[in-house]
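One file, work-v7.txt, carrying compact mmCIF, C-alpha atoms and all ligand atoms:
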# COMPACT_ATOMS: atom_id res chain seq x y z
CA MET K 1 -67.09 -2.28 17.76
CA LYS K 2 -66.27 -4.61 14.89
CA ARG K 3 -64.92 -1.65 13.05
CA ILE K 4 -62.63 -0.72 15.93
CA ILE K 5 -61.32 -4.31 16.19
CA SER K 6 -60.65 -4.49 12.48
CA PHE K 7 -58.97 -1.06 12.61
CA ILE K 8 -56.61 -2.28 15.38
CA SER K 9 -55.79 -5.55 13.62
CA GLU K 10 -55.23 -3.65 10.38
CA ASN K 11 -52.83 -1.34 12.22
CA LYS K 12 -51.01 -4.30 13.74
CA LYS K 13 -50.45 -5.60 10.24
CA MET K 14 -49.18 -2.19 9.18
CA SER K 15 -46.87 -2.00 12.20
CA PHE K 16 -45.51 -5.43 11.40
CA PHE K 17 -44.74 -4.47 7.81
CA LEU K 18 -43.28 -1.15 8.91
CA LEU K 19 -40.99 -2.98 11.35
CA LEU K 20 -39.99 -5.51 8.71
CA PHE K 21 -39.28 -2.67 6.27
CA LEU K 22 -37.09 -0.93 8.86
CA ILE K 23 -35.14 -4.11 9.67
CA VAL K 24 -34.51 -4.92 6.01
CA GLY K 25 -33.54 -1.28 5.42
CA CYS K 26 -31.03 -1.34 8.29
CA VAL K 27 -29.46 -4.60 7.08
CA LEU K 28 -29.11 -3.27 3.52
CA ALA K 29 -27.68 0.05 4.72
CA GLY K 30 -25.23 -1.83 6.95
CA MET K 31 -24.08 -3.99 4.04
CA TYR K 32 -23.67 -0.94 1.83
CA PHE K 33 -21.59 0.98 4.38
CA THR K 34 -19.43 -2.04 5.15
CA LEU K 35 -18.73 -2.83 1.51
CA SER K 36 -18.05 0.77 0.55
CA ASN K 37 -16.03 1.41 3.72
CA GLY K 38 -18.45 4.17 4.50
CA VAL K 39 -18.51 2.65 7.96
CA THR K 40 -15.15 4.31 8.58
CA ASP K 41 -16.91 7.66 8.47
CA ILE K 42 -19.34 6.70 11.20
CA LEU K 43 -17.28 4.62 13.60
CA ARG K 44 -13.72 5.74 14.04
CA PRO K 45 -11.69 2.53 13.78
CA GLU K 46 -8.70 1.70 15.96
CA LYS K 47 -5.25 2.89 14.99
CA VAL K 48 -3.09 0.38 13.12
CA SER K 49 0.62 0.43 12.33
CA VAL K 50 0.24 -0.72 8.76
CA VAL K 51 -2.35 -0.64 6.00
CA ILE K 52 -1.87 -3.07 3.13
CA ASP K 53 -3.76 -2.04 0.03
CA ALA K 54 -4.87 -4.82 -2.30
CA GLY K 55 -5.01 -2.90 -5.59
CA HIS K 56 -8.17 -2.88 -7.75
CA GLY K 57 -11.13 -5.21 -7.01
CA GLY K 58 -14.71 -5.92 -8.04
CA LYS K 59 -15.52 -4.34 -11.39
CA ASP K 60 -11.96 -2.97 -11.56
CA LEU K 61 -9.89 -5.97 -12.69
CA GLY K 62 -6.65 -4.05 -13.02
CA ALA K 63 -4.34 -5.53 -15.63
CA SER K 64 -5.06 -9.01 -16.89
CA LEU K 65 -3.78 -11.87 -18.98
CA GLY K 66 -6.51 -14.20 -20.17
CA GLU K 67 -8.44 -15.35 -17.10
CA ARG K 68 -5.81 -14.01 -14.75
CA ALA K 69 -6.77 -10.66 -13.22
CA GLU K 70 -4.45 -8.39 -11.28
CA LYS K 71 -7.10 -7.77 -8.59
CA ASP K 72 -6.97 -11.46 -7.55
CA ASP K 73 -3.16 -11.61 -7.43
CA ASN K 74 -3.05 -8.44 -5.34
CA LEU K 75 -5.60 -9.79 -2.88
CA ARG K 76 -3.83 -13.14 -2.50
CA LEU K 77 -0.58 -11.40 -1.64
CA ALA K 78 -2.18 -8.76 0.61
CA LEU K 79 -3.81 -11.41 2.79
CA LYS K 80 -0.51 -13.29 3.14
CA VAL K 81 1.38 -10.10 4.05
CA ARG K 82 -1.31 -9.41 6.65
CA ASP K 83 -0.89 -12.91 8.12
CA TYR K 84 2.90 -12.52 8.40
CA LEU K 85 2.53 -9.11 10.04
CA GLU K 86 0.01 -10.50 12.51
CA GLU K 87 2.45 -13.30 13.35
CA LYS K 88 4.90 -10.54 14.26
CA ASN K 89 2.22 -8.89 16.43
CA ILE K 90 2.12 -5.84 14.16
CA SER K 91 -1.32 -4.25 13.93
CA VAL K 92 -2.44 -4.28 10.32
CA ALA K 93 -5.54 -3.63 8.24
CA VAL K 94 -6.14 -4.59 4.61
CA THR K 95 -8.19 -2.19 2.48
CA ARG K 96 -10.23 -5.09 1.14
CA THR K 97 -10.39 -8.75 2.08
CA LEU K 98 -12.94 -9.60 -0.63
CA ASP K 99 -13.34 -9.07 -4.35
CA VAL K 100 -15.05 -5.69 -4.01
CA TYR K 101 -14.57 -2.34 -5.70
CA LEU K 102 -13.04 0.46 -3.66
CA SER K 103 -12.29 3.95 -4.92
CA LEU K 104 -8.76 5.29 -4.58
CA GLU K 105 -10.17 7.99 -2.33
CA ASN K 106 -11.66 5.39 0.03
CA ARG K 107 -8.38 3.46 0.14
CA CYS K 108 -6.55 6.59 1.32
CA ARG K 109 -9.32 7.48 3.76
CA PHE K 110 -9.16 3.92 5.11
CA ALA K 111 -5.48 4.42 6.01
CA ASN K 112 -5.73 8.05 7.14
CA ILE K 113 -8.63 7.44 9.49
CA ARG K 114 -6.68 4.59 11.11
CA SER K 115 -3.63 6.86 11.55
CA ALA K 116 -1.45 4.16 10.03
CA ASP K 117 2.33 4.64 10.08
CA LEU K 118 2.89 2.83 6.79
CA PHE K 119 0.82 2.25 3.66
CA VAL K 120 1.87 -0.34 1.10
CA SER K 121 -0.16 -0.71 -2.07
CA LEU K 122 0.19 -3.99 -3.95
CA HIS K 123 -0.10 -4.16 -7.74
CA ARG K 124 1.03 -6.10 -10.80
CA ASN K 125 2.47 -4.30 -13.79
CA SER K 126 1.47 -4.71 -17.44
CA VAL K 127 2.63 -3.73 -20.88
CA ALA K 128 0.58 -3.55 -24.07
CA SER K 129 3.30 -5.08 -26.19
CA GLY K 130 6.86 -6.26 -25.72
CA GLU K 131 8.59 -8.37 -23.16
CA ALA K 132 8.88 -6.14 -20.10
CA LYS K 133 9.43 -8.01 -16.85
CA GLY K 134 10.56 -7.41 -13.29
CA VAL K 135 9.65 -5.54 -10.15
CA GLU K 136 9.56 -1.82 -9.38
CA VAL K 137 8.46 0.16 -6.34
CA TRP K 138 7.00 3.65 -6.64
CA ILE K 139 7.28 6.46 -4.11
CA GLY K 140 5.99 10.03 -4.19
CA SER K 141 7.52 12.64 -6.49
CA GLU K 142 8.97 14.44 -3.45
CA ASN K 143 11.47 11.58 -3.52
CA LEU K 144 12.19 11.77 0.21
CA PRO K 145 15.28 9.78 1.24
CA GLU K 146 13.37 7.91 3.96
CA ASP K 147 10.64 6.90 1.49
CA ARG K 148 13.30 5.74 -0.95
CA ALA K 149 15.12 3.74 1.74
CA PHE K 150 11.90 1.96 2.74
CA ALA K 151 10.99 1.18 -0.88
CA GLN K 152 14.56 -0.01 -1.49
CA SER K 153 14.34 -2.39 1.48
CA ILE K 154 11.17 -3.90 0.00
CA ILE K 155 12.67 -4.40 -3.44
CA ASP K 156 15.90 -5.81 -1.97
CA GLY K 157 13.88 -8.34 0.01
CA LEU K 158 11.86 -9.30 -3.06
CA GLU K 159 15.05 -9.69 -5.06
CA ARG K 160 16.40 -12.13 -2.47
CA ALA K 161 13.10 -14.04 -2.68
CA GLY K 162 13.54 -14.36 -6.45
CA ILE K 163 12.40 -11.96 -9.18
CA SER K 164 13.15 -11.81 -12.89
CA GLU K 165 14.58 -8.29 -12.84
CA ASN K 166 15.07 -5.46 -10.35
CA ARG K 167 13.72 -2.35 -12.06
CA GLY K 168 14.49 -0.23 -9.01
CA VAL K 169 12.73 2.39 -6.92
CA LYS K 170 11.00 5.08 -8.94
CA SER K 171 9.44 8.36 -7.88
CA GLY K 172 6.37 10.07 -9.33
CA TYR K 173 4.06 8.35 -11.77
CA ALA K 174 4.56 5.91 -14.64
CA ARG K 175 2.03 7.70 -16.84
CA GLU K 176 0.91 11.32 -17.13
CA GLY K 177 0.53 13.18 -13.86
CA SER K 178 2.83 13.72 -10.95
CA ASP K 179 2.08 10.91 -8.50
CA TYR K 180 0.18 7.71 -7.89
CA TYR K 181 -3.05 8.75 -6.16
CA VAL K 182 -2.43 6.56 -3.12
CA ASN K 183 1.07 7.94 -2.63
CA LYS K 184 -0.17 11.51 -2.90
CA HIS K 185 -3.28 11.27 -0.71
CA THR K 186 -2.12 9.15 2.20
CA ASP K 187 -0.85 10.99 5.29
CA MET K 188 1.85 8.46 6.14
CA MET K 189 4.94 6.96 4.51
CA SER K 190 3.75 4.99 1.52
CA CYS K 191 4.83 3.10 -1.55
CA LEU K 192 3.28 1.19 -4.41
CA VAL K 193 4.77 -2.17 -5.36
CA GLU K 194 4.46 -3.36 -8.97
CA LEU K 195 5.23 -7.00 -8.35
CA GLY K 196 6.15 -8.30 -11.77
CA PHE K 197 4.31 -8.03 -15.07
CA ILE K 198 1.06 -9.94 -15.34
CA THR K 199 1.66 -9.85 -19.10
CA ASN K 200 4.82 -11.92 -18.65
CA GLU K 201 4.56 -15.68 -18.10
CA THR K 202 7.91 -15.89 -16.29
CA ASP K 203 6.82 -13.21 -13.81
CA ASN K 204 3.50 -14.98 -13.29
CA LYS K 205 5.21 -18.29 -12.56
CA LEU K 206 7.59 -16.56 -10.14
CA TYR K 207 4.60 -14.85 -8.51
CA ASP K 208 2.80 -18.15 -7.93
CA ASP K 209 5.90 -20.05 -6.80
CA ASN K 210 7.24 -17.31 -4.55
CA LEU K 211 4.04 -15.85 -3.15
CA ASP K 212 4.92 -16.85 0.41
CA ALA K 213 8.48 -15.62 0.10
CA TYR K 214 7.27 -12.30 -1.38
CA ALA K 215 4.81 -11.84 1.45
CA ARG K 216 7.49 -12.59 4.02
CA ALA K 217 9.95 -10.19 2.35
CA ILE K 218 7.41 -7.36 2.37
CA ALA K 219 6.42 -8.07 5.99
CA ASP K 220 10.08 -8.16 7.05
CA ALA K 221 10.77 -4.80 5.37
CA ILE K 222 7.73 -3.32 7.10
CA GLU K 223 8.83 -4.67 10.47
CA ALA K 224 12.33 -3.22 10.00
CA GLN K 225 10.88 0.17 9.04
CA LEU K 226 8.60 0.24 12.08
CA ASN K 227 11.54 -0.66 14.34
CA LYS K 228 13.47 2.23 12.83
CA LYS K 229 10.71 4.64 13.81
CA ASN K 230 10.40 3.38 17.38
ZN ZN K 301 -2.62 -2.06 -10.59

Can I see the file as structure tokens?
Ligand SMILES: [Zn+2]
Amino acid sequence: MKRIISFISENKKMSFFLLLFLIVGCVLAGMYFTLSNGVTDILRPEKVSVVIDAGHGGKDLGASLGERAEKDDNLRLALKVRDYLEEKNISVAVTRTLDVYLSLENRCRFANIRSADLFVSLHRNSVASGEAKGVEVWIGSENLPEDRAFAQSIIDGLERAGISENRGVKSGYAREGSDYYVNKHTDMMSCLVELGFITNETDNKLYDDNLDAYARAIADAIEAQLNKKN
């Protein structure tokens, strides 16, 4: 009898640990899927009109100047653009709201699975040497007139907000290859904004001083584009 009682209490202990193990496992798996956006593969999220992509993140700093990392600048702006779009009652999702790493593939999947109408990727430019400055917006190498017009409206708005130089709308890819990954692999109209050079102090000061105005300019261009489509 004693043996049976001790067997049962032993099993209770085992059940308790098994349950604890399962709970901890579920929490960890949940955190992993949320952080890696794997959750989008399991639960189909709601459609949004716009996806704002905060370039880089986590271990991927992007370009940098001293302590200043591109990933932080991109995130600051992305969250402000989101806020302005929400004020306009435009449904929007940001690829990351925290300092976490996301692959380019996951960024595109994030937008595609939400059937977004527009995708705008936010970046800062950099140069190894020299004094390059100013803003440019990249569209796909197909160079579609409607893509170009949308990108042009963004850069025009930013110019009104105050930039050091308008470097224009460009198609394709700044380095080797045909396209920026996010322009090539998103299903909707997209562009990639290089909002000033992080390697240029003037551009950095403009970025900090005009962050609100930049966010508003981008949100206004997005709103105008969505109104065009409707
Ligand atoms: Zn970048």

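For the residues K:Ser15, K:Asn106, K:Ser126, K:Asn89, ranking by smallest atom-to-atom distance to ligand ZN 301 (chain K) using all atoms listed in the file places K:Ser126 first.
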
List as a PDB file with C-alpha atoms, in the frame of the given file the protein and nucleic acid residues near Lys71 in chain K, meaning an atom at most 9 Å away when all atoms listed in the file are counted, but skip any in the same chain fewer than 2 places from it.
ATOM      1  CA  ALA K  54      -4.870  -4.820  -2.300  1.00  0.00           C
ATOM      2  CA  GLY K  55      -5.010  -2.900  -5.590  1.00  0.00           C
ATOM      3  CA  HIS K  56      -8.170  -2.880  -7.750  1.00  0.00           C
ATOM      4  CA  GLY K  57     -11.130  -5.210  -7.010  1.00  0.00           C
ATOM      5  CA  GLY K  58     -14.710  -5.920  -8.040  1.00  0.00           C
ATOM      6  CA  ASP K  60     -11.960  -2.970 -11.560  1.00  0.00           C
ATOM      7  CA  LEU K  61      -9.890  -5.970 -12.690  1.00  0.00           C
ATOM      8  CA  GLY K  62      -6.650  -4.050 -13.020  1.00  0.00           C
ATOM      9  CA  ALA K  63      -4.340  -5.530 -15.630  1.00  0.00           C
ATOM     10  CA  SER K  64      -5.060  -9.010 -16.890  1.00  0.00           C
ATOM     11  CA  ARG K  68      -5.810 -14.010 -14.750  1.00  0.00           C
ATOM     12  CA  ALA K  69      -6.770 -10.660 -13.220  1.00  0.00           C
ATOM     13  CA  ASP K  73      -3.160 -11.610  -7.430  1.00  0.00           C
ATOM     14  CA  ASN K  74      -3.050  -8.440  -5.340  1.00  0.00           C
ATOM     15  CA  LEU K  75      -5.600  -9.790  -2.880  1.00  0.00           C
ATOM     16  CA  ARG K  76      -3.830 -13.140  -2.500  1.00  0.00           C
ATOM     17  CA  ASP K  99     -13.340  -9.070  -4.350  1.00  0.00           C
ATOM     18  CA  HIS K 123      -0.100  -4.160  -7.740  1.00  0.00           C
ATOM     19  CA  ARG K 124       1.030  -6.100 -10.800  1.00  0.00           C
TER      20      ARG K 124
END

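Of the listed residues K:Leu158, K:Leu195, K:Val92, K:Leu206, the one whose atoms come nearest to Val135 in chain K is K:Leu195, with distances taken using all atoms listed in the file.
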
Distance of CA of Ser190 in chain K from CA of Arg148 in chain K, expressed in Å to one decimal place: 9.9 Å

Two-atom distance - CA of Gly172 in chain K, CA of Ala221 in chain K (Å): 21.4 Å

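We find CA of Asp212 in chain K and CA of Leu79 in chain K to be spaced 10.6 Å apart.
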
Neighbour residues at most 12 Å from (5.9, -1.8, 9.5) (only C-alpha atoms) as JSON, numbers by chain: {"K": [48, 49, 50, 51, 52, 81, 82, 84, 85, 86, 88, 89, 90, 91, 92, 93, 116, 117, 118, 119, 120, 150, 151, 153, 154, 188, 189, 190, 217, 218, 219, 220, 221, 222, 223, 224, 225, 226, 227, 228, 229, 230]}

Option closest in space to ligand ZN 301 (chain K), from K:Ala132, K:Met14, K:Leu122, K:Ala215 [counting all atoms listed in the file]: K:Leu122

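If only C-alpha atoms and all ligand atoms are the atoms counted, then among K:Leu192, K:Val94, K:Leu20, K:Leu77 the closest residue to ligand ZN 301 (chain K) is K:Leu192.
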
Rebuild range 204-221 of chain K so that it carries N, CA and C atoms, then output the result as an mmCIF file, in the frame of the given file.
data_model
loop_
_atom_site.group_PDB
_atom_site.id
_atom_site.type_symbol
_atom_site.label_atom_id
_atom_site.label_comp_id
_atom_site.auth_asym_id
_atom_site.auth_seq_id
_atom_site.Cartn_x
_atom_site.Cartn_y
_atom_site.Cartn_z
ATOM 1 N N ASN K 204 4.677 -14.336 -13.890
ATOM 2 C CA ASN K 204 3.500 -14.980 -13.290
ATOM 3 C C ASN K 204 3.868 -16.280 -12.577
ATOM 4 N N LYS K 205 4.775 -17.035 -13.195
ATOM 5 C CA LYS K 205 5.210 -18.290 -12.560
ATOM 6 C C LYS K 205 5.968 -17.970 -11.269
ATOM 7 N N LEU K 206 6.852 -16.973 -11.344
ATOM 8 C CA LEU K 206 7.590 -16.560 -10.140
ATOM 9 C C LEU K 206 6.618 -16.107 -9.052
ATOM 10 N N TYR K 207 5.591 -15.370 -9.478
ATOM 11 C CA TYR K 207 4.600 -14.850 -8.510
ATOM 12 C C TYR K 207 3.918 -16.007 -7.779
ATOM 13 N N ASP K 208 3.512 -17.006 -8.543
ATOM 14 C CA ASP K 208 2.800 -18.150 -7.930
ATOM 15 C C ASP K 208 3.740 -18.978 -7.055
ATOM 16 N N ASP K 209 4.949 -19.204 -7.555
ATOM 17 C CA ASP K 209 5.900 -20.050 -6.800
ATOM 18 C C ASP K 209 6.404 -19.349 -5.545
ATOM 19 N N ASN K 210 6.577 -18.040 -5.639
ATOM 20 C CA ASN K 210 7.240 -17.310 -4.550
ATOM 21 C C ASN K 210 6.290 -16.472 -3.700
ATOM 22 N N LEU K 211 5.007 -16.715 -3.836
ATOM 23 C CA LEU K 211 4.040 -15.850 -3.150
ATOM 24 C C LEU K 211 4.326 -15.726 -1.642
ATOM 25 N N ASP K 212 4.613 -16.863 -1.025
ATOM 26 C CA ASP K 212 4.920 -16.850 0.410
ATOM 27 C C ASP K 212 6.183 -16.056 0.704
ATOM 28 N N ALA K 213 7.196 -16.306 -0.107
ATOM 29 C CA ALA K 213 8.480 -15.620 0.100
ATOM 30 C C ALA K 213 8.325 -14.115 -0.136
ATOM 31 N N TYR K 214 7.524 -13.730 -1.122
ATOM 32 C CA TYR K 214 7.270 -12.300 -1.380
ATOM 33 C C TYR K 214 6.570 -11.665 -0.181
ATOM 34 N N ALA K 215 5.567 -12.382 0.320
ATOM 35 C CA ALA K 215 4.810 -11.840 1.450
ATOM 36 C C ALA K 215 5.712 -11.666 2.663
ATOM 37 N N ARG K 216 6.577 -12.661 2.882
ATOM 38 C CA ARG K 216 7.490 -12.590 4.020
ATOM 39 C C ARG K 216 8.478 -11.439 3.847
ATOM 40 N N ALA K 217 8.983 -11.268 2.622
ATOM 41 C CA ALA K 217 9.950 -10.190 2.350
ATOM 42 C C ALA K 217 9.324 -8.826 2.614
ATOM 43 N N ILE K 218 8.085 -8.649 2.175
ATOM 44 C CA ILE K 218 7.410 -7.360 2.370
ATOM 45 C C ILE K 218 7.135 -7.134 3.863
ATOM 46 N N ALA K 219 6.693 -8.195 4.551
ATOM 47 C CA ALA K 219 6.420 -8.070 5.990
ATOM 48 C C ALA K 219 7.696 -7.771 6.773
ATOM 49 N N ASP K 220 8.803 -8.407 6.366
ATOM 50 C CA ASP K 220 10.080 -8.160 7.050
ATOM 51 C C ASP K 220 10.529 -6.705 6.862
ATOM 52 N N ALA K 221 10.378 -6.192 5.642
ATOM 53 C CA ALA K 221 10.770 -4.800 5.370
ATOM 54 C C ALA K 221 9.915 -3.831 6.186
#
